[in-house]
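K.L.:
So I've got this file, data_22.txt, and it contains compact mmCIF, C-alpha atoms:
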```
# COMPACT_ATOMS: atom_id res chain seq x y z
CA MET A 224 30.14 -8.51 -10.13
CA LYS A 225 26.42 -8.69 -10.77
CA LEU A 226 24.19 -9.24 -7.75
CA GLN A 227 21.95 -12.27 -7.78
CA ASN A 228 18.24 -11.54 -8.16
CA SER A 229 16.18 -11.50 -4.98
CA TYR A 230 12.69 -12.97 -4.81
CA ILE A 231 10.83 -11.65 -1.77
CA LEU A 232 7.42 -12.89 -0.68
CA ALA A 233 5.66 -10.12 1.24
CA ILE A 234 2.60 -10.35 3.48
CA GLU A 235 0.38 -7.46 4.56
CA SER A 236 -2.28 -8.12 7.23
CA SER A 237 -2.41 -4.97 9.36
CA CYS A 238 -6.14 -4.34 9.08
CA ASP A 239 -8.91 -6.02 7.08
CA ASP A 240 -7.22 -6.96 3.79
CA THR A 241 -5.04 -10.05 3.38
CA SER A 242 -2.43 -9.29 0.74
CA CYS A 243 0.56 -11.16 -0.65
CA ALA A 244 3.07 -10.01 -3.26
CA ILE A 245 6.16 -11.43 -4.92
CA LEU A 246 8.90 -8.97 -5.86
CA LYS A 247 11.88 -9.68 -8.07
CA ASN A 248 14.30 -7.05 -6.80
CA ASN A 249 12.28 -3.80 -6.97
CA GLN A 250 9.72 -5.02 -9.50
CA VAL A 251 6.34 -6.57 -8.69
CA LEU A 252 5.67 -10.01 -10.18
CA SER A 253 2.33 -10.43 -8.43
CA ASN A 254 0.24 -8.53 -5.91
CA VAL A 255 -2.88 -10.33 -4.69
CA THR A 256 -5.38 -8.98 -2.15
CA ALA A 257 -8.34 -10.71 -0.53
CA ALA A 258 -10.77 -8.05 0.74
CA GLN A 259 -13.22 -8.58 3.61
CA ALA A 260 -16.76 -7.52 2.70
CA ILE A 261 -18.17 -8.61 6.07
CA HIS A 262 -17.31 -5.27 7.71
CA GLU A 263 -19.63 -3.28 5.43
CA GLN A 264 -22.71 -4.27 7.44
CA TYR A 265 -21.08 -2.91 10.61
CA GLY A 266 -19.99 0.43 9.15
CA GLY A 267 -16.35 -0.18 10.10
CA VAL A 268 -13.74 -2.85 10.72
CA VAL A 269 -14.52 -5.37 13.48
CA PRO A 270 -11.08 -6.58 14.75
CA GLU A 271 -12.16 -10.10 15.77
CA LEU A 272 -13.87 -10.74 12.44
CA ALA A 273 -10.85 -9.33 10.61
CA SER A 274 -8.38 -11.71 12.27
CA ARG A 275 -10.62 -14.72 11.60
CA ALA A 276 -10.93 -13.76 7.93
CA HIS A 277 -7.13 -13.41 7.68
CA GLN A 278 -6.77 -16.99 8.93
CA SER A 279 -9.08 -18.19 6.17
CA ASN A 280 -7.54 -16.04 3.44
CA ILE A 281 -3.80 -16.17 3.99
CA VAL A 282 -2.99 -19.63 2.59
CA PRO A 283 -4.96 -19.26 -0.68
CA THR A 284 -3.74 -15.66 -1.12
CA VAL A 285 -0.08 -16.69 -0.78
CA ASP A 286 -0.65 -19.66 -3.08
CA VAL A 287 -2.21 -17.50 -5.82
CA ALA A 288 0.57 -14.87 -5.50
CA ILE A 289 3.29 -17.51 -6.01
CA LYS A 290 1.46 -19.03 -8.99
CA ASN A 291 0.80 -15.61 -10.58
CA ALA A 292 4.48 -14.72 -10.19
CA GLY A 293 5.44 -17.82 -12.16
CA ILE A 294 8.03 -18.99 -9.66
CA ASP A 295 8.47 -21.92 -7.28
CA LYS A 296 8.47 -21.27 -3.54
CA ASN A 297 11.97 -22.74 -3.36
CA GLU A 298 13.22 -19.80 -5.44
CA LEU A 299 12.25 -17.33 -2.68
CA THR A 300 15.17 -15.58 -1.01
CA ALA A 301 13.30 -13.90 1.88
CA ILE A 302 9.90 -13.58 3.56
CA ALA A 303 8.64 -10.12 4.57
CA PHE A 304 5.67 -9.20 6.73
CA THR A 305 4.02 -6.22 8.38
CA LYS A 306 5.19 -5.99 11.99
CA GLY A 307 2.96 -2.99 12.77
CA PRO A 308 1.22 -0.72 13.41
CA GLY A 309 -2.22 -2.26 13.01
CA LEU A 310 -4.78 -4.52 14.65
CA MET A 311 -3.10 -7.04 16.96
CA GLY A 312 -5.11 -10.09 15.85
CA SER A 313 -4.63 -9.29 12.17
CA LEU A 314 -0.89 -8.69 12.57
CA LEU A 315 -0.47 -11.96 14.46
CA VAL A 316 -1.86 -13.97 11.54
CA GLY A 317 0.62 -12.48 9.06
CA THR A 318 3.54 -12.58 11.50
CA SER A 319 2.96 -16.22 12.45
CA PHE A 320 2.57 -17.35 8.84
CA ALA A 321 5.69 -15.46 7.73
CA LYS A 322 7.78 -16.99 10.53
CA SER A 323 6.61 -20.51 9.71
CA LEU A 324 7.27 -20.13 5.99
CA ALA A 325 10.72 -18.60 6.51
CA LEU A 326 11.62 -21.39 8.94
CA SER A 327 10.41 -24.14 6.62
CA LEU A 328 12.32 -22.71 3.64
CA ASN A 329 15.34 -21.76 5.77
CA ILE A 330 15.47 -18.22 4.35
CA PRO A 331 15.73 -14.77 6.04
CA LEU A 332 12.76 -13.05 7.67
CA ILE A 333 12.23 -9.27 7.28
CA ASP A 334 9.92 -7.19 9.47
CA VAL A 335 8.41 -4.09 7.87
CA HIS A 336 6.89 -0.90 9.30
CA HIS A 337 3.49 -0.41 7.66
CA MET A 338 3.72 3.40 7.49
CA GLN A 339 7.24 3.39 6.06
CA ALA A 340 6.02 0.95 3.42
CA HIS A 341 3.27 3.35 2.29
CA ILE A 342 5.96 5.95 1.61
CA LEU A 343 8.39 3.52 -0.03
CA ALA A 344 5.68 2.34 -2.45
CA HIS A 345 6.93 5.20 -4.64
CA PHE A 346 10.10 3.18 -5.31
CA ILE A 347 8.36 0.16 -6.84
CA ASP A 348 9.82 0.09 -10.34
CA HIS A 349 7.19 0.46 -13.07
CA GLY A 350 9.17 2.84 -15.29
CA GLN A 351 8.27 5.99 -13.36
CA ARG A 352 10.17 8.90 -11.84
CA VAL A 353 11.02 8.38 -8.15
CA PRO A 354 11.44 11.11 -5.52
CA GLU A 355 14.95 12.18 -4.59
CA PHE A 356 15.92 12.51 -0.92
CA PRO A 357 14.95 14.47 1.05
CA PHE A 358 11.23 14.62 0.40
CA LEU A 359 8.00 14.94 2.36
CA GLY A 360 5.97 11.75 2.55
CA VAL A 361 2.26 12.33 3.17
CA THR A 362 0.25 9.29 4.22
CA ILE A 363 -3.53 9.70 4.35
CA SER A 364 -5.82 6.77 5.03
CA GLY A 365 -8.65 5.52 7.21
CA GLY A 366 -6.30 5.01 10.13
CA HIS A 367 -3.46 7.48 9.57
CA THR A 368 -2.70 11.07 8.65
CA GLN A 369 1.01 11.88 8.70
CA ILE A 370 3.60 14.21 7.23
CA VAL A 371 7.01 12.58 7.27
CA LYS A 372 10.43 14.00 6.42
CA VAL A 373 12.22 11.27 4.46
CA THR A 374 16.02 11.47 4.19
CA ASP A 375 16.74 7.82 3.26
CA TYR A 376 14.86 4.60 2.57
CA HIS A 377 14.38 3.84 6.27
CA LYS A 378 15.40 7.16 7.80
CA MET A 379 12.16 9.00 8.42
CA GLU A 380 10.96 11.60 10.89
CA VAL A 381 7.27 12.25 11.59
CA VAL A 382 6.89 16.05 11.57
CA GLY A 383 3.08 16.09 11.72
CA THR A 384 0.43 13.56 12.68
CA THR A 385 -3.21 13.43 13.72
CA GLN A 386 -3.95 13.96 17.39
CA ASP A 387 -7.19 12.00 17.23
CA ASP A 388 -8.89 10.68 14.08
CA ALA A 389 -7.52 10.19 10.58
CA ILE A 390 -8.77 12.02 7.50
CA GLY A 391 -10.18 8.79 6.07
CA GLU A 392 -12.27 8.27 9.18
CA ALA A 393 -13.54 11.84 8.91
CA PHE A 394 -14.73 11.04 5.38
CA ASP A 395 -16.32 7.74 6.42
CA LYS A 396 -18.04 9.01 9.58
CA SER A 397 -19.37 12.08 7.79
CA GLY A 398 -20.74 9.77 5.12
CA LYS A 399 -22.34 7.54 7.73
CA LEU A 400 -24.11 10.58 9.22
CA MET A 401 -25.56 11.24 5.76
CA GLY A 402 -26.70 7.64 5.35
CA LEU A 403 -23.97 6.55 2.95
CA GLY A 404 -22.53 3.03 3.08
CA TYR A 405 -19.06 1.98 4.26
CA PRO A 406 -16.51 3.01 3.14
CA ALA A 407 -18.09 6.39 2.43
CA GLY A 408 -14.97 8.22 1.20
CA PRO A 409 -15.22 7.13 -2.47
CA GLN A 410 -18.97 7.85 -2.48
CA ILE A 411 -18.43 11.37 -1.10
CA ASP A 412 -15.76 11.96 -3.76
CA LYS A 413 -18.13 10.89 -6.54
CA LEU A 414 -21.07 12.97 -5.27
CA ALA A 415 -18.85 15.98 -4.54
CA GLN A 416 -18.18 16.36 -8.25
CA LEU A 417 -21.89 17.12 -8.72
CA GLY A 418 -22.14 19.64 -5.89
CA ASN A 419 -21.13 23.15 -4.82
CA PRO A 420 -18.09 23.12 -2.45
CA SER A 421 -19.09 26.53 -1.08
CA ALA A 422 -22.71 25.60 -0.31
CA PHE A 423 -22.07 24.94 3.40
CA GLU A 424 -19.30 26.11 5.69
CA PHE A 425 -17.63 23.85 8.24
CA PRO A 426 -14.96 24.85 10.80
CA ILE A 427 -11.21 24.27 10.40
CA PRO A 428 -10.03 22.54 13.62
CA LYS A 429 -6.98 23.97 15.34
CA ALA A 430 -3.98 21.75 16.09
CA PRO A 431 -0.45 22.77 17.12
CA GLY A 432 2.45 22.84 14.67
CA LEU A 433 2.08 20.49 11.73
CA ASN A 434 -0.33 18.19 13.54
CA PHE A 435 -3.93 17.48 12.53
CA SER A 436 -7.25 17.11 14.33
CA PHE A 437 -10.41 15.74 12.73
CA SER A 438 -12.54 14.81 15.74
CA GLY A 439 -14.02 18.31 16.07
CA PHE A 440 -14.83 18.37 12.37
CA LYS A 441 -16.91 15.20 12.66
CA THR A 442 -18.76 16.68 15.64
CA ALA A 443 -19.45 19.89 13.70
CA VAL A 444 -20.94 17.87 10.83
CA LEU A 445 -23.09 15.89 13.30
CA TYR A 446 -24.53 19.01 14.99
CA PHE A 447 -25.04 20.78 11.66
CA LEU A 448 -27.02 17.87 10.22
CA GLN A 449 -29.07 17.46 13.40
CA LYS A 450 -29.99 21.15 13.34
CA GLU A 451 -30.92 21.19 9.65
CA LYS A 452 -32.89 17.93 9.80
CA SER A 453 -34.93 19.25 12.72
CA LYS A 454 -36.13 22.00 10.36
CA ASN A 455 -36.37 19.81 7.27
CA PRO A 456 -36.35 16.00 7.64
CA ASN A 457 -35.37 15.66 3.98
CA PHE A 458 -32.44 18.08 4.21
CA VAL A 459 -29.72 15.50 3.55
CA GLU A 460 -31.47 13.89 0.58
CA GLU A 461 -32.23 17.29 -0.97
CA ASN A 462 -28.68 18.61 -0.50
CA LEU A 463 -26.54 15.48 -0.67
CA ALA A 464 -24.22 16.54 -3.51
CA ASP A 465 -23.63 20.00 -2.00
CA LEU A 466 -23.00 18.46 1.44
CA CYS A 467 -20.45 16.03 0.01
CA ALA A 468 -18.73 18.79 -1.96
CA SER A 469 -18.58 21.09 1.10
CA ILE A 470 -17.31 18.33 3.42
CA GLN A 471 -14.65 17.25 0.93
CA HIS A 472 -13.60 20.85 0.27
CA THR A 473 -13.11 21.46 4.01
CA LEU A 474 -11.16 18.25 4.64
CA ILE A 475 -8.84 19.05 1.72
CA LYS A 476 -8.41 22.58 3.10
CA ILE A 477 -7.42 21.15 6.51
CA LEU A 478 -4.88 18.83 4.88
CA PHE A 479 -3.30 21.42 2.61
CA LYS A 480 -3.10 24.11 5.27
CA LYS A 481 -0.66 21.89 7.19
CA LEU A 482 1.09 20.60 4.08
CA GLU A 483 1.79 24.15 2.87
CA LYS A 484 3.19 24.96 6.30
CA ALA A 485 5.42 21.86 6.20
CA VAL A 486 6.84 22.81 2.80
CA LYS A 487 7.50 26.35 4.04
CA GLU A 488 9.15 25.26 7.29
CA THR A 489 11.33 22.52 5.81
CA GLY A 490 12.06 24.15 2.46
CA ILE A 491 11.33 20.79 0.81
CA LYS A 492 9.05 21.04 -2.22
CA ARG A 493 9.19 17.35 -3.18
CA VAL A 494 5.95 15.81 -1.92
CA ALA A 495 5.10 12.11 -2.24
CA ILE A 496 1.57 11.13 -1.27
CA GLY A 497 0.21 7.71 -0.35
CA GLY A 498 -2.52 5.87 1.52
CA GLY A 499 -6.05 5.04 0.38
CA VAL A 500 -7.38 8.61 0.63
CA SER A 501 -4.78 9.74 -1.94
CA ALA A 502 -7.13 8.25 -4.54
CA ASN A 503 -9.51 11.14 -3.84
CA SER A 504 -9.96 13.22 -7.02
CA GLY A 505 -10.19 16.51 -5.12
CA ILE A 506 -6.86 15.90 -3.39
CA ARG A 507 -5.22 14.93 -6.67
CA THR A 508 -6.55 18.10 -8.33
CA ALA A 509 -5.19 20.21 -5.46
CA LEU A 510 -1.80 18.50 -5.79
CA GLN A 511 -1.71 19.19 -9.53
CA ALA A 512 -2.35 22.87 -8.77
CA LYS A 513 0.60 22.83 -6.36
CA GLN A 514 2.76 21.25 -9.04
CA GLN A 515 2.07 24.27 -11.24
CA GLN A 516 3.22 26.45 -8.33
CA GLY A 517 6.60 24.73 -8.16
CA TRP A 518 6.03 21.67 -6.00
CA ASP A 519 7.39 18.34 -7.27
CA ILE A 520 4.50 15.90 -6.77
CA PHE A 521 4.65 12.10 -6.71
CA ILE A 522 1.52 9.92 -6.66
CA PRO A 523 1.83 6.13 -6.97
CA PRO A 524 -0.58 4.01 -9.05
CA PHE A 525 -3.88 3.35 -7.29
CA GLU A 526 -3.07 -0.31 -6.53
CA TYR A 527 -0.10 0.80 -4.42
CA THR A 528 -1.94 3.50 -2.44
CA THR A 529 -4.32 1.34 -0.41
CA ASP A 530 -2.96 -1.36 1.94
CA ASN A 531 -1.15 -3.92 -0.23
CA ALA A 532 1.73 -6.36 0.03
CA ALA A 533 3.77 -4.86 -2.82
CA MET A 534 4.62 -1.87 -0.63
CA ILE A 535 5.72 -4.28 2.13
CA GLY A 536 7.90 -6.04 -0.42
CA ILE A 537 9.67 -2.90 -1.65
CA SER A 538 10.39 -1.79 1.91
CA ALA A 539 11.78 -5.26 2.61
CA TYR A 540 13.90 -5.15 -0.56
CA PHE A 541 15.93 -2.19 0.71
CA LYS A 542 16.38 -3.97 4.04
CA TYR A 543 17.39 -7.13 2.19
CA LEU A 544 20.16 -5.26 0.36
CA ASN A 545 21.57 -4.23 3.76
CA LYS A 546 20.97 -7.69 5.28
CA GLU A 547 18.64 -6.19 7.88
CA PHE A 548 16.89 -9.40 8.92
CA CYS A 549 14.98 -10.24 12.08
CA GLY A 550 14.89 -13.38 14.22
CA LEU A 551 12.03 -15.82 14.75
CA ASP A 552 11.50 -14.24 18.18
CA VAL A 553 10.10 -11.09 16.53
CA SER A 554 6.65 -9.99 17.76
CA ALA A 555 3.78 -8.12 16.14
CA ALA A 556 3.60 -4.52 17.39
CA PRO A 557 0.18 -2.84 17.02
CA ARG A 558 1.55 0.53 18.22
CA LEU A 559 4.85 0.65 16.38
CA SER A 560 6.45 4.10 16.25
CA MET A 561 8.19 5.38 13.12
```
Can the structure in the file be given as structure tokens, please?
P.N.:
Amino acid sequence: MKLQNSYILAIESSCDDTSCAILKNNQVLSNVTAAQAIHEQYGGVVPELASRAHQSNIVPTVDVAIKNAGIDKNELTAIAFTKGPGLMGSLLVGTSFAKSLALSLNIPLIDVHHMQAHILAHFIDHGQRVPEFPFLGVTISGGHTQIVKVTDYHKMEVVGTTQDDAIGEAFDKSGKLMGLGYPAGPQIDKLAQLGNPSAFEFPIPKAPGLNFSFSGFKTAVLYFLQKEKSKNPNFVEENLADLCASIQHTLIKILFKKLEKAVKETGIKRVAIGGGVSANSGIRTALQAKQQQGWDIFIPPFEYTTDNAAMIGISAYFKYLNKEFCGLDVSAAPRLSM
């Protein structure tokens, strides 16, 4: 007996992007994201402004996603949304909208863990190879840095996480100290390709086990720049490419030191990376080198690495198959554990 096709509308609103996707089974029919440029002038996401922008963006974003998918809303079989973790105000907008739409259409509601969704983005069907279980899921973004042991679609164990700041924040704050705009990560990546990664040396923070720490790194960059600028006010401008290359080189070294340890301790050489920082060219080059050393590397297309609704939809699809639905009494959870 052939299973009937599922059409899941997924909503992602954990931070500053409002995203909606329509998935037919495990394939993406549409994936629409409304970004919020207002935060650039503040050098970071302002939660209150983010939630207000979500309220303005969510209806047109959902409307465009349904139209782009070429279906009618009455064909939908479930509504999925990000339950957490994330910013409370932002999550509430997506949660409330998803509940209302599911109620009005009288179809199931599916709550999704944002971090699990980043990992499950690898299973969106676009004709690619997918990782076999078990594998190590590595999520690196502006808000998260995690190494996760994945033994099934929703059976995951965090084996390493950041104790303070995320790697993406370390990129952005370092860039801010050098006068770069927000987000600074992509700019550092671009400039790093023109510089010498060994020009300046920065410390490798210590953290127990497979955990990370980036707070001390940011402080080291701050003090280093203050010291050098006191001797030469034009130090940053004259050494920008080398600074970017050295900062990126060190952050990648911090990441891979723990990742190598995780592979050694677990014996798992299948590594699937995700999150916005996985777009970094230096990280991708380092992963390709590891592939030549015997690791099995999985990197999703760029549009599925940053926060997007397609990853929420694929996570929901596997829940849908098991009829793992939630009630209308479900609440947003900004600090949702894995």
K.L.:
Rounded to one decimal place, report the CA of Gly383 (chain A)-CA of Leu478 (chain A) distance in Å.
P.N.:
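Separating CA of Gly383 (chain A) from CA of Leu478 (chain A) is a distance of 10.8 Å.
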K.L.:
Using CA of Ser323 (chain A) and CA of Asn249 (chain A) as the two end points, give the distance in Å to one decimal.
P.N.:
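One can read the CA of Ser323 (chain A) to CA of Asn249 (chain A) distance as 24.3 Å.
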K.L.:
Neighbours of region 406-423 of chain A within 12 Å (all atoms listed in the file; same-chain residues fewer than 4 positions away dropped), as a PyMOL selection string?
P.N.:
chain A and resi 260+262-268+363-365+390-402+443-444+447-448+451+460-476+499-508
K.L.:
I want to know what sits within 8 Å of Ile496 (chain A), based on all atoms listed in the file, with residues of the same chain fewer than 5 positions away left out; could you give that as a VMD selection string?
P.N.:
chain A and resid 342 360 to 363 501 520 to 523
K.L.:
Which neighbours of Asp348 (chain A) fall inside 10 Å, counting all atoms listed in the file, when residues of the same chain fewer than 5 positions from it are skipped, and could you give them as number ranges by chain?
P.N.:
A: 248-251, 353, 537
K.L.:
Using only C-alpha atoms, find the one residue out of A:Tyr527, A:Phe356, A:Phe437, A:Tyr543 that sits nearest to Asp388 (chain A).
P.N.:
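Ranking A:Tyr527, A:Phe356, A:Phe437, A:Tyr543 by distance to Asp388 (chain A), first place goes to A:Phe437.
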K.L.:
To one decimal in Å, tell me the separation between CA of Phe425 (chain A) and CA of Lys513 (chain A).
P.N.:
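Straight-line distance from CA of Phe425 (chain A) to CA of Lys513 (chain A) works out to 23.4 Å.
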K.L.:
Within 7 Å of Asn531 (chain A), counting all atoms listed in the file, which residues qualify if same-chain residues fewer than 5 places away don't, as a ChimeraX atom specification?
P.N.:
/A:235,242,256
K.L.:
Env of region 270-285 of chain A: 9 Å cut, atoms = all atoms listed in the file, seq-sep filter 4 positions within chain, self excluded. Answer as a ChimeraX atom specification.
P.N.:
/A:232-234,236,238-244,255-257,259,261-262,289-290,310-317,320
K.L.:
Considering all atoms listed in the file, can you say which of A:Pro456, A:Pro308, A:Pro426, A:Pro354 comes closest to Lys492 (chain A)?
P.N.:
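Smallest separation from Lys492 (chain A) among the options: A:Pro354.
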K.L.:
Which is closer to Leu324 (chain A) than all the others in A:Ile535, A:Ile347, A:Leu252, A:Leu551, using only C-alpha atoms?
P.N.:
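Going through A:Ile535, A:Ile347, A:Leu252, A:Leu551 one by one, the smallest distance to Leu324 (chain A) is for A:Leu551.
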K.L.:
Using only C-alpha atoms, which of A:Asn457, A:Lys296, A:Gln339, A:Ile477 sits nearest Val373 (chain A)?
P.N.:
A:Gln339
K.L.:
Which of these residues is nearest to Val371 (chain A), using all atoms listed in the file: A:Val494, A:Met534, A:His336, A:Leu299?
P.N.:
A:Val494
K.L.:
Would you please work out which residue, of A:Ser560, A:Ser554, A:Gln515, A:Asn455, is nearest to Ile333 (chain A) when using all atoms listed in the file?
P.N.:
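Residue with the minimum atom-to-atom distance to Ile333 (chain A): A:Ser554.
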K.L.:
Neighbourhood query: residues within 10 Å of (18.0, 5.5, 3.4), file coordinates, counting only C-alpha atoms; return as a list in words.
P.N.:
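The residues that fall inside the cut-off are Phe356, Pro357, Val373, Thr374, Asp375, Tyr376, His377, Lys378, Met379, Phe541 and Lys542 of chain A.
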K.L.:
Once you add 3 Å to each side, what are the centre and edge lengths of the axis-aligned box holding all listed atoms of region 423-426 of chain A? One decimal in Å, as AutoDock Vina command-line options, if you can.
P.N.:
```
--center_x -18.5 --center_y 25.0 --center_z 7.1 --size_x 13.1 --size_y 8.3 --size_z 13.4
```
K.L.:
Would you mind putting N, CA and C atoms back on region 378-393 of chain A and writing the result as a compact mmCIF listing (two decimals), in the coordinates of the input?
P.N.:
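Once everything was written out, this is result33.txt:
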```txt
# COMPACT_ATOMS: atom_id res chain seq x y z
N LYS A 378 15.11 6.07 6.87
CA LYS A 378 15.40 7.16 7.80
C LYS A 378 14.31 8.20 7.64
N MET A 379 13.34 8.14 8.53
CA MET A 379 12.16 9.00 8.42
C MET A 379 11.82 9.63 9.76
N GLU A 380 11.35 10.87 9.68
CA GLU A 380 10.96 11.60 10.89
C GLU A 380 9.53 12.14 10.72
N VAL A 381 8.65 11.75 11.63
CA VAL A 381 7.27 12.25 11.59
C VAL A 381 7.28 13.70 12.07
N VAL A 382 6.91 14.63 11.19
CA VAL A 382 6.89 16.05 11.57
C VAL A 382 5.47 16.53 11.87
N GLY A 383 4.48 15.74 11.44
CA GLY A 383 3.08 16.09 11.72
C GLY A 383 2.23 14.84 11.69
N THR A 384 1.32 14.72 12.64
CA THR A 384 0.43 13.56 12.68
C THR A 384 -0.92 13.95 13.28
N THR A 385 -1.91 13.10 13.15
CA THR A 385 -3.21 13.43 13.72
C THR A 385 -3.20 13.21 15.22
N GLN A 386 -3.87 14.08 15.93
CA GLN A 386 -3.95 13.96 17.39
C GLN A 386 -5.15 13.12 17.82
N ASP A 387 -6.01 12.81 16.88
CA ASP A 387 -7.19 12.00 17.23
C ASP A 387 -7.56 11.08 16.06
N ASP A 388 -8.43 11.52 15.18
CA ASP A 388 -8.89 10.68 14.08
C ASP A 388 -8.11 10.97 12.80
N ALA A 389 -8.17 10.02 11.88
CA ALA A 389 -7.52 10.19 10.58
C ALA A 389 -8.48 10.82 9.59
N ILE A 390 -7.93 11.36 8.51
CA ILE A 390 -8.77 12.02 7.50
C ILE A 390 -9.74 11.03 6.86
N GLY A 391 -9.30 9.79 6.66
CA GLY A 391 -10.18 8.79 6.07
C GLY A 391 -11.39 8.50 6.95
N GLU A 392 -11.16 8.49 8.26
CA GLU A 392 -12.27 8.27 9.18
C GLU A 392 -13.23 9.45 9.16
N ALA A 393 -12.69 10.66 9.00
CA ALA A 393 -13.54 11.84 8.91
C ALA A 393 -14.46 11.76 7.69
```
